[in-house]
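K.L.:
File name start_14.cif; file contents mmCIF, C-alpha atoms; full text below.
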data_entry
#
loop_
_atom_site.label_atom_id
_atom_site.label_comp_id
_atom_site.auth_asym_id
_atom_site.auth_seq_id
_atom_site.Cartn_x
_atom_site.Cartn_y
_atom_site.Cartn_z
CA MET K 174 -28.74 -40.68 23.53
CA ALA K 175 -25.77 -42.64 22.18
CA ALA K 176 -23.81 -42.08 25.39
CA ALA K 177 -26.57 -43.77 27.42
CA HIS K 178 -26.05 -47.03 25.48
CA ASP K 179 -22.26 -46.88 25.62
CA PRO K 180 -21.15 -50.06 27.49
CA PHE K 181 -17.71 -48.58 28.28
CA PRO K 182 -18.24 -44.86 29.03
CA LEU K 183 -15.16 -44.51 31.25
CA LEU K 184 -12.87 -46.19 28.72
CA ARG K 185 -14.33 -44.10 25.90
CA THR K 186 -13.78 -40.88 27.85
CA LEU K 187 -10.21 -41.89 28.75
CA VAL K 188 -9.36 -42.66 25.12
CA LEU K 189 -10.89 -39.42 23.87
CA ALA K 190 -9.19 -37.29 26.53
CA THR K 191 -5.81 -38.95 25.89
CA ALA K 192 -6.15 -38.40 22.14
CA ALA K 193 -7.03 -34.75 22.71
CA MET K 194 -3.99 -34.16 24.95
CA LEU K 195 -1.74 -35.80 22.35
CA ALA K 196 -3.24 -33.56 19.67
CA PHE K 197 -2.73 -30.38 21.71
CA ALA K 198 0.87 -31.33 22.51
CA ALA K 199 1.44 -32.10 18.82
CA ASN K 200 0.80 -28.44 18.00
CA SER K 201 4.07 -27.54 19.72
CA LEU K 202 5.97 -30.32 17.98
CA LEU K 203 4.57 -29.56 14.51
CA CYS K 204 5.22 -25.82 14.82
CA ARG K 205 8.75 -26.26 16.12
CA LEU K 206 9.54 -28.89 13.48
CA ALA K 207 8.32 -26.60 10.71
CA LEU K 208 10.20 -23.53 11.93
CA GLN K 209 13.48 -24.81 13.33
CA HIS K 210 14.94 -25.54 9.88
CA GLY K 211 13.31 -22.59 8.13
CA GLY K 212 10.83 -24.63 6.09
CA ILE K 213 8.22 -21.90 6.53
CA ASP K 214 8.04 -18.46 8.10
CA PRO K 215 6.01 -18.03 11.32
CA ALA K 216 3.42 -15.68 9.82
CA SER K 217 2.65 -18.13 7.01
CA PHE K 218 2.55 -21.04 9.45
CA GLY K 219 0.04 -19.22 11.66
CA SER K 220 -2.13 -18.21 8.72
CA ILE K 221 -2.24 -21.70 7.23
CA ARG K 222 -2.93 -23.18 10.66
CA LEU K 223 -5.88 -20.87 11.28
CA VAL K 224 -7.39 -21.23 7.81
CA SER K 225 -7.08 -25.02 7.75
CA GLY K 226 -8.48 -25.22 11.28
CA ALA K 227 -11.40 -22.98 10.30
CA ILE K 228 -12.21 -25.14 7.26
CA THR K 229 -12.01 -28.38 9.25
CA LEU K 230 -14.19 -27.15 12.11
CA ALA K 231 -16.72 -25.60 9.73
CA VAL K 232 -17.09 -28.91 7.89
CA VAL K 233 -17.46 -30.89 11.13
CA VAL K 234 -20.10 -28.51 12.51
CA ARG K 235 -21.96 -28.55 9.18
CA LEU K 236 -22.04 -32.37 9.15
CA ARG K 237 -23.42 -32.68 12.67
CA SER K 238 -27.04 -33.66 13.12
CA ALA K 239 -27.61 -30.96 15.76
CA PRO K 240 -27.92 -27.37 14.49
CA PRO K 241 -25.07 -25.09 15.63
CA SER K 242 -25.93 -22.72 18.46
CA GLY K 243 -22.60 -21.25 19.50
CA ARG K 244 -22.10 -17.54 19.05
CA ALA K 245 -18.92 -16.08 17.63
CA SER K 246 -17.21 -13.12 19.26
CA TRP K 247 -14.86 -10.69 17.58
CA LEU K 248 -12.97 -10.28 20.86
CA ALA K 249 -12.61 -14.04 21.21
CA ALA K 250 -11.50 -14.26 17.57
CA ALA K 251 -8.88 -11.55 18.20
CA MET K 252 -7.57 -13.47 21.24
CA LEU K 253 -7.46 -16.68 19.20
CA PHE K 254 -5.50 -14.90 16.49
CA ALA K 255 -3.09 -13.40 19.05
CA TYR K 256 -2.49 -16.83 20.55
CA VAL K 257 -1.72 -18.45 17.18
CA ALA K 258 0.45 -15.55 15.97
CA PHE K 259 2.63 -15.20 19.08
CA PHE K 260 2.78 -19.00 19.44
CA SER K 261 4.18 -19.26 15.91
CA PHE K 262 6.79 -16.53 16.34
CA ALA K 263 7.86 -17.93 19.73
CA TYR K 264 8.69 -21.32 18.27
CA VAL K 265 11.28 -19.84 15.94
CA SER K 266 13.66 -19.99 18.91
CA LEU K 267 12.05 -22.05 21.70
CA PRO K 268 12.34 -25.82 22.15
CA ALA K 269 8.98 -27.61 22.05
CA GLY K 270 8.87 -28.61 25.71
CA THR K 271 10.02 -25.23 27.03
CA GLY K 272 7.50 -23.41 24.86
CA ALA K 273 4.62 -25.66 25.93
CA LEU K 274 5.51 -25.19 29.61
CA ILE K 275 5.64 -21.39 29.32
CA LEU K 276 2.38 -21.40 27.34
CA PHE K 277 0.56 -23.64 29.80
CA GLY K 278 1.88 -21.75 32.83
CA ALA K 279 0.81 -18.40 31.39
CA VAL K 280 -2.65 -19.74 30.51
CA GLN K 281 -3.26 -21.11 33.98
CA VAL K 282 -1.88 -18.07 35.83
CA THR K 283 -4.11 -15.84 33.68
CA MET K 284 -7.21 -17.89 34.47
CA LEU K 285 -6.38 -18.20 38.16
CA GLY K 286 -5.77 -14.45 38.35
CA ALA K 287 -9.16 -13.84 36.76
CA GLY K 288 -10.71 -16.15 39.33
CA LEU K 289 -9.16 -14.20 42.18
CA ARG K 290 -10.39 -10.95 40.69
CA ALA K 291 -13.88 -12.43 40.42
CA GLY K 292 -13.93 -13.26 44.12
CA GLU K 293 -12.53 -16.80 44.31
CA ARG K 294 -10.48 -17.51 47.41
CA PHE K 295 -7.62 -19.97 47.83
CA GLY K 296 -6.58 -21.78 50.96
CA PRO K 297 -2.96 -21.81 52.17
CA ALA K 298 -2.07 -24.71 49.85
CA GLY K 299 -3.64 -22.89 46.90
CA TRP K 300 -1.70 -19.70 47.56
CA PHE K 301 1.51 -21.69 47.99
CA GLY K 302 0.81 -23.46 44.71
CA LEU K 303 0.17 -20.20 42.85
CA VAL K 304 3.40 -18.65 44.19
CA LEU K 305 5.29 -21.84 43.35
CA ALA K 306 3.97 -21.85 39.78
CA ILE K 307 4.86 -18.19 39.22
CA ALA K 308 8.30 -18.77 40.74
CA GLY K 309 8.77 -21.73 38.40
CA LEU K 310 8.00 -19.56 35.38
CA ALA K 311 10.41 -16.88 36.64
CA TYR K 312 13.11 -19.50 37.22
CA LEU K 313 12.62 -21.01 33.77
CA VAL K 314 13.25 -17.70 31.98
CA SER K 315 15.79 -16.23 34.43
CA PRO K 316 19.24 -15.37 33.01
CA GLY K 317 21.69 -18.22 32.77
CA ILE K 318 23.42 -20.51 30.33
CA ALA K 319 20.38 -22.80 30.04
CA ALA K 320 17.80 -20.02 29.86
CA PRO K 321 15.50 -19.98 26.81
CA PRO K 322 15.73 -16.97 24.46
CA LEU K 323 14.04 -14.07 26.27
CA LEU K 324 12.15 -12.76 23.23
CA GLY K 325 10.77 -16.20 22.37
CA ALA K 326 9.75 -16.72 25.99
CA ALA K 327 8.01 -13.32 26.01
CA TRP K 328 6.12 -14.14 22.79
CA MET K 329 4.98 -17.45 24.25
CA ALA K 330 3.89 -15.83 27.52
CA ILE K 331 1.77 -13.37 25.53
CA ALA K 332 0.31 -16.30 23.59
CA GLY K 333 -0.57 -17.96 26.89
CA VAL K 334 -2.29 -14.85 28.23
CA ALA K 335 -4.28 -14.55 24.99
CA TRP K 336 -5.35 -18.19 25.19
CA GLY K 337 -6.29 -17.75 28.84
CA VAL K 338 -8.51 -14.78 27.98
CA TYR K 339 -10.01 -16.75 25.08
CA SER K 340 -10.82 -19.62 27.44
CA LEU K 341 -12.44 -17.24 29.94
CA LEU K 342 -14.56 -15.70 27.19
CA GLY K 343 -15.76 -19.18 26.21
CA ARG K 344 -17.06 -20.15 29.65
CA GLY K 345 -20.73 -20.96 29.69
CA VAL K 346 -21.09 -21.19 25.91
CA ALA K 347 -23.93 -23.60 25.08
CA ASP K 348 -22.23 -25.08 21.99
CA PRO K 349 -18.45 -24.64 22.41
CA LEU K 350 -17.55 -26.55 19.24
CA ALA K 351 -19.73 -24.33 17.03
CA ALA K 352 -18.46 -21.22 18.81
CA THR K 353 -14.85 -22.36 18.29
CA ALA K 354 -15.52 -23.00 14.60
CA ARG K 355 -16.98 -19.51 14.13
CA ASN K 356 -14.14 -17.90 16.07
CA PHE K 357 -11.61 -19.68 13.83
CA VAL K 358 -13.44 -18.34 10.77
CA ARG K 359 -13.38 -14.79 12.18
CA ALA K 360 -9.71 -15.08 13.17
CA ALA K 361 -8.57 -16.24 9.72
CA PRO K 362 -8.69 -12.77 8.10
CA PHE K 363 -6.48 -11.38 10.90
CA ALA K 364 -3.90 -14.02 10.09
CA LEU K 365 -4.00 -13.21 6.39
CA VAL K 366 -3.35 -9.56 7.21
CA LEU K 367 -0.37 -10.68 9.31
CA SER K 368 0.98 -12.60 6.33
CA ILE K 369 0.65 -9.51 4.15
CA VAL K 370 2.53 -7.41 6.72
CA PHE K 371 5.37 -9.95 6.78
CA ALA K 372 5.16 -10.73 3.05
CA ALA K 373 8.77 -9.67 2.47
CA GLY K 374 10.02 -12.60 4.54
CA ALA K 375 7.39 -15.10 3.46
CA HIS K 376 8.57 -18.51 2.29
CA ALA K 377 7.30 -22.06 2.54
CA ASP K 378 8.32 -25.43 1.20
CA ARG K 379 6.04 -28.43 0.86
CA ALA K 380 7.02 -29.87 4.23
CA GLY K 381 6.38 -26.55 6.01
CA ILE K 382 2.95 -26.19 4.41
CA ALA K 383 2.05 -29.79 5.23
CA LEU K 384 3.05 -29.33 8.87
CA ALA K 385 1.02 -26.12 9.14
CA ILE K 386 -2.05 -27.83 7.65
CA ALA K 387 -1.60 -30.77 10.02
CA SER K 388 -1.39 -28.38 12.96
CA GLY K 389 -4.55 -26.55 11.92
CA ALA K 390 -6.73 -29.36 10.58
CA LEU K 391 -5.66 -32.24 12.83
CA SER K 392 -4.03 -31.03 16.05
CA SER K 393 -6.28 -27.97 16.37
CA GLY K 394 -9.49 -28.75 14.44
CA ILE K 395 -9.90 -32.46 15.10
CA GLY K 396 -8.23 -32.03 18.49
CA TYR K 397 -11.03 -29.71 19.61
CA VAL K 398 -13.68 -32.05 18.22
CA ILE K 399 -12.24 -34.91 20.29
CA TRP K 400 -11.83 -32.75 23.40
CA TYR K 401 -15.40 -31.46 23.31
CA ALA K 402 -16.61 -35.05 22.88
CA ALA K 403 -14.80 -36.05 26.08
CA LEU K 404 -15.58 -32.91 28.09
CA PRO K 405 -19.22 -33.65 29.06
CA ARG K 406 -18.08 -36.64 31.13
CA LEU K 407 -15.24 -34.75 32.86
CA SER K 408 -15.54 -32.51 35.88
CA ALA K 409 -13.83 -29.10 35.67
CA MET K 410 -11.16 -30.37 38.08
CA ARG K 411 -10.43 -33.47 36.01
CA ALA K 412 -10.37 -31.50 32.76
CA ALA K 413 -7.91 -28.98 34.19
CA THR K 414 -5.76 -31.73 35.71
CA LEU K 415 -5.61 -33.63 32.43
CA GLN K 416 -4.19 -30.56 30.73
CA LEU K 417 -1.19 -30.74 33.07
CA SER K 418 0.01 -33.56 30.82
CA VAL K 419 0.35 -31.39 27.69
CA PRO K 420 3.75 -29.78 28.51
CA LEU K 421 5.11 -33.16 29.60
CA ILE K 422 3.98 -34.82 26.36
CA ALA K 423 5.48 -31.97 24.34
CA ALA K 424 8.78 -32.20 26.24
CA PHE K 425 9.13 -35.95 25.70
CA GLY K 426 7.96 -35.56 22.11
CA GLY K 427 10.71 -33.01 21.59
CA VAL K 428 13.25 -35.55 22.86
CA LEU K 429 11.92 -38.34 20.65
CA PHE K 430 11.23 -36.47 17.41
CA LEU K 431 13.30 -33.26 17.55
CA SER K 432 16.41 -34.46 19.42
CA GLU K 433 15.85 -31.86 22.12
CA ALA K 434 17.27 -32.24 25.62
CA ILE K 435 15.40 -32.06 28.91
CA THR K 436 17.71 -29.78 30.89
CA PRO K 437 17.85 -29.68 34.71
CA ARG K 438 16.36 -26.16 34.56
CA LEU K 439 13.41 -27.39 32.49
CA ALA K 440 12.86 -30.38 34.79
CA VAL K 441 12.89 -28.26 37.97
CA ALA K 442 10.66 -25.59 36.43
CA CYS K 443 8.26 -28.28 35.21
CA VAL K 444 7.89 -29.67 38.74
CA MET K 445 7.40 -26.18 40.19
CA ILE K 446 4.86 -24.97 37.61
CA LEU K 447 2.81 -28.12 37.18
CA GLY K 448 3.03 -29.05 40.85
CA GLY K 449 2.00 -25.55 41.90
CA ILE K 450 -0.98 -25.50 39.55
CA ALA K 451 -2.01 -28.96 40.75
CA LEU K 452 -2.00 -27.65 44.34
CA VAL K 453 -4.24 -24.75 43.34
CA LEU K 454 -6.66 -27.00 41.46
CA THR K 455 -6.82 -29.48 44.33
CA GLY K 456 -7.48 -26.69 46.81
CA LYS K 457 -10.25 -25.23 44.66
CA ALA K 458 -11.87 -28.66 44.27
CA ARG K 459 -11.90 -29.19 48.03
CA THR K 460 -13.39 -25.77 48.60
#
Could you show the structure in this file as structure tokens?

P.N.:
Amino acid sequence: MAAAHDPFPLLRTLVLATAAMLAFAANSLLCRLALQHGGIDPASFGSIRLVSGAITLAVVVRLRSAPPSGRASWLAAAMLFAYVAFFSFAYVSLPAGTGALILFGAVQVTMLGAGLRAGERFGPAGWFGLVLAIAGLAYLVSPGIAAPPLLGAAWMAIAGVAWGVYSLLGRGVADPLAATARNFVRAAPFALVLSIVFAAGAHADRAGIALAIASGALSSGIGYVIWYAALPRLSAMRAATLQLSVPLIAAFGGVLFLSEAITPRLAVACVMILGGIALVLTGKART
């Protein structure tokens, strides 16, 4: 009912959506910042991120006036855990912008591939866009002096596939925020097991722990709260298009806060991947 009395619904949606994209991009920056100087190990970072995100989301859902109705899924929780774990290990070696671009490209290619398997059909522009996006990913990780570390790129691609599957599993959920909260709670024990497996290399200083908590509680937990508040006023096309901004924000954030460089390879791959996905989304919207 509150939305009906909102005098500036478009402005409110724009502010919420922008804040959510900044939060999602911040995950890459926080993780890279924590790991690049060895302030924390990746397994501990992932565990703290999941646990703090689970606590934050559980508190938010508990404080809502509406009773939660989202159902948790062990498969979705496993995919969420896989995303966070491989994401954390990938950022040991990947720059923030490169990692975000590989992640986003893998997520979108996974979801588009699932759409094709389910019977969706693309026009010529859509097929060209899909091929262009895949070629951009291949170019980004192809051998060369400016190529990102292959293992880190592979970990991030796996994280992207896991997040794509998680997103597909969440389609049609009546209460996505409650479902996300419960999936975070179910994923937390997996992360703790991961920390036990890698206990021999576990270490964390105060800064590393603080960055992991910020990633889980703020960029992930509060980020999802903001995104789900904006989502009802966004079409699927607009929501997907907005997410094209996340790798760009992460790349420029890496330049500003991590002294990373935007290489010609990254710039060309960014145009190919994001431009290709935009072509696919535009073609699907017209269809």

K.L.:
For the structure provided, state which residues fall under the PyMOL selection byres ((chain K and resi 387) around 12), and present them as a compact mmCIF listing (two decimals) with C-alpha atoms, keeping the file's coordinate frame.

P.N.:
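See selection26.txt below for the written result:
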# COMPACT_ATOMS: atom_id res chain seq x y z
CA ALA K 196 -3.24 -33.56 19.67
CA PHE K 197 -2.73 -30.38 21.71
CA ALA K 199 1.44 -32.10 18.82
CA ASN K 200 0.80 -28.44 18.00
CA SER K 201 4.07 -27.54 19.72
CA LEU K 202 5.97 -30.32 17.98
CA LEU K 203 4.57 -29.56 14.51
CA CYS K 204 5.22 -25.82 14.82
CA LEU K 206 9.54 -28.89 13.48
CA ALA K 207 8.32 -26.60 10.71
CA PHE K 218 2.55 -21.04 9.45
CA GLY K 219 0.04 -19.22 11.66
CA ILE K 221 -2.24 -21.70 7.23
CA ARG K 222 -2.93 -23.18 10.66
CA LEU K 223 -5.88 -20.87 11.28
CA VAL K 224 -7.39 -21.23 7.81
CA SER K 225 -7.08 -25.02 7.75
CA GLY K 226 -8.48 -25.22 11.28
CA THR K 229 -12.01 -28.38 9.25
CA ALA K 380 7.02 -29.87 4.23
CA GLY K 381 6.38 -26.55 6.01
CA ILE K 382 2.95 -26.19 4.41
CA ALA K 383 2.05 -29.79 5.23
CA LEU K 384 3.05 -29.33 8.87
CA ALA K 385 1.02 -26.12 9.14
CA ILE K 386 -2.05 -27.83 7.65
CA SER K 388 -1.39 -28.38 12.96
CA GLY K 389 -4.55 -26.55 11.92
CA ALA K 390 -6.73 -29.36 10.58
CA LEU K 391 -5.66 -32.24 12.83
CA SER K 392 -4.03 -31.03 16.05
CA SER K 393 -6.28 -27.97 16.37
CA GLY K 394 -9.49 -28.75 14.44
CA ILE K 395 -9.90 -32.46 15.10
CA GLY K 396 -8.23 -32.03 18.49

K.L.:
Which one is closest to Leu236 of chain K: K:Val453, K:Pro322, K:Ile213, K:Ala351? Count only C-alpha atoms.

P.N.:
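Closest to Leu236 of chain K of all the choices is K:Ala351.
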
K.L.:
Would you kindly return, as a short mmCIF file (atom, residue, chain, number, x, y, z; two decimals) with C-alpha atoms, in the coordinates of the input, each protein, DNA or RNA residue with an atom no farther than 10 Å from any atom of Gly337 of chain K, considering only C-alpha atoms and excluding same-chain residues fewer than 5 positions away?

P.N.:
data_model
loop_
_atom_site.label_atom_id
_atom_site.label_comp_id
_atom_site.auth_asym_id
_atom_site.auth_seq_id
_atom_site.Cartn_x
_atom_site.Cartn_y
_atom_site.Cartn_z
CA MET K 252 -7.57 -13.47 21.24
CA LEU K 253 -7.46 -16.68 19.20
CA TYR K 256 -2.49 -16.83 20.55
CA LEU K 276 2.38 -21.40 27.34
CA PHE K 277 0.56 -23.64 29.80
CA GLY K 278 1.88 -21.75 32.83
CA ALA K 279 0.81 -18.40 31.39
CA VAL K 280 -2.65 -19.74 30.51
CA GLN K 281 -3.26 -21.11 33.98
CA VAL K 282 -1.88 -18.07 35.83
CA THR K 283 -4.11 -15.84 33.68
CA MET K 284 -7.21 -17.89 34.47
CA LEU K 285 -6.38 -18.20 38.16
CA ALA K 287 -9.16 -13.84 36.76
CA ILE K 331 1.77 -13.37 25.53
CA ALA K 332 0.31 -16.30 23.59
CA LEU K 342 -14.56 -15.70 27.19
CA GLY K 343 -15.76 -19.18 26.21
#

K.L.:
Please enumerate the residues selected by the PyMOL selection byres ((chain K and resi 450) around 9) when evaluated against the supplied file, formatted as a tab-separated table (two decimals) with C-alpha atoms, keeping the file's coordinate frame.

P.N.:
chain	number	residue	atom	x	y	z
K	278	GLY	CA	1.88	-21.75	32.83
K	281	GLN	CA	-3.26	-21.11	33.98
K	282	VAL	CA	-1.88	-18.07	35.83
K	299	GLY	CA	-3.64	-22.89	46.90
K	302	GLY	CA	0.81	-23.46	44.71
K	303	LEU	CA	0.17	-20.20	42.85
K	305	LEU	CA	5.29	-21.84	43.35
K	306	ALA	CA	3.97	-21.85	39.78
K	414	THR	CA	-5.76	-31.73	35.71
K	417	LEU	CA	-1.19	-30.74	33.07
K	445	MET	CA	7.40	-26.18	40.19
K	446	ILE	CA	4.86	-24.97	37.61
K	447	LEU	CA	2.81	-28.12	37.18
K	448	GLY	CA	3.03	-29.05	40.85
K	449	GLY	CA	2.00	-25.55	41.90
K	451	ALA	CA	-2.01	-28.96	40.75
K	452	LEU	CA	-2.00	-27.65	44.34
K	453	VAL	CA	-4.24	-24.75	43.34
K	454	LEU	CA	-6.66	-27.00	41.46
K	455	THR	CA	-6.82	-29.48	44.33

K.L.:
Counting only C-alpha atoms, which residues sit no farther than 12 Å from the position (10.8, -30.6, 23.4) in the file's frame? I'd like them as a ChimeraX atom specification.

P.N.:
/K:198-206,209,264,266-274,419-436,439-440

K.L.:
Quick one, how far is atom CA of Leu367 of chain K from atom CA of Trp328 of chain K?

P.N.:
15.4 Å

K.L.:
Taking the file as shown, find all residues satisfying the PyMOL selection byres ((chain K and resi 406) around 10) and write them as an NGL selection string.

P.N.:
:K and (176 or 182-183 or 185-187 or 401-405 or 407-409 or 411-412)

K.L.:
Pick the closest to Leu324 of chain K from K:Ala263, K:Ala249, K:Ile275, K:Ala298: which is it, counting all atoms listed in the file?

P.N.:
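Looking only at the distances to Leu324 of chain K, the closest residue turns out to be K:Ala263.
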
K.L.:
To one decimal place, how far is atom CA of Ala372 of chain K from atom CA of Ala330 of chain K in Å?

P.N.:
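Between atom CA of Ala372 of chain K and atom CA of Ala330 of chain K the gap works out to 25.0 Å.
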
K.L.:
Just give me the gap between atom CA of Cys443 of chain K and atom CA of Leu313 of chain K in Å, one decimal is fine.

P.N.:
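Answer for the atom CA of Cys443 of chain K to atom CA of Leu313 of chain K separation: 8.6 Å.
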
K.L.:
From the options K:Val398, K:Ala250, K:Ala311, K:Leu184, which residue's atoms come nearest to Asp348 of chain K, counting only C-alpha atoms?

P.N.:
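Answer, going by the shortest atom-to-atom distance: K:Val398.
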
K.L.:
Quick one: axis-aligned box around all listed atoms of segment 320-330 of chain K, 5 Å on every side, centre and edge lengths in Å to one decimal, written as JSON.

P.N.:
{"center_x": 10.8, "center_y": -16.4, "center_z": 26.1, "size_x": 23.9, "size_y": 17.3, "size_z": 17.5}
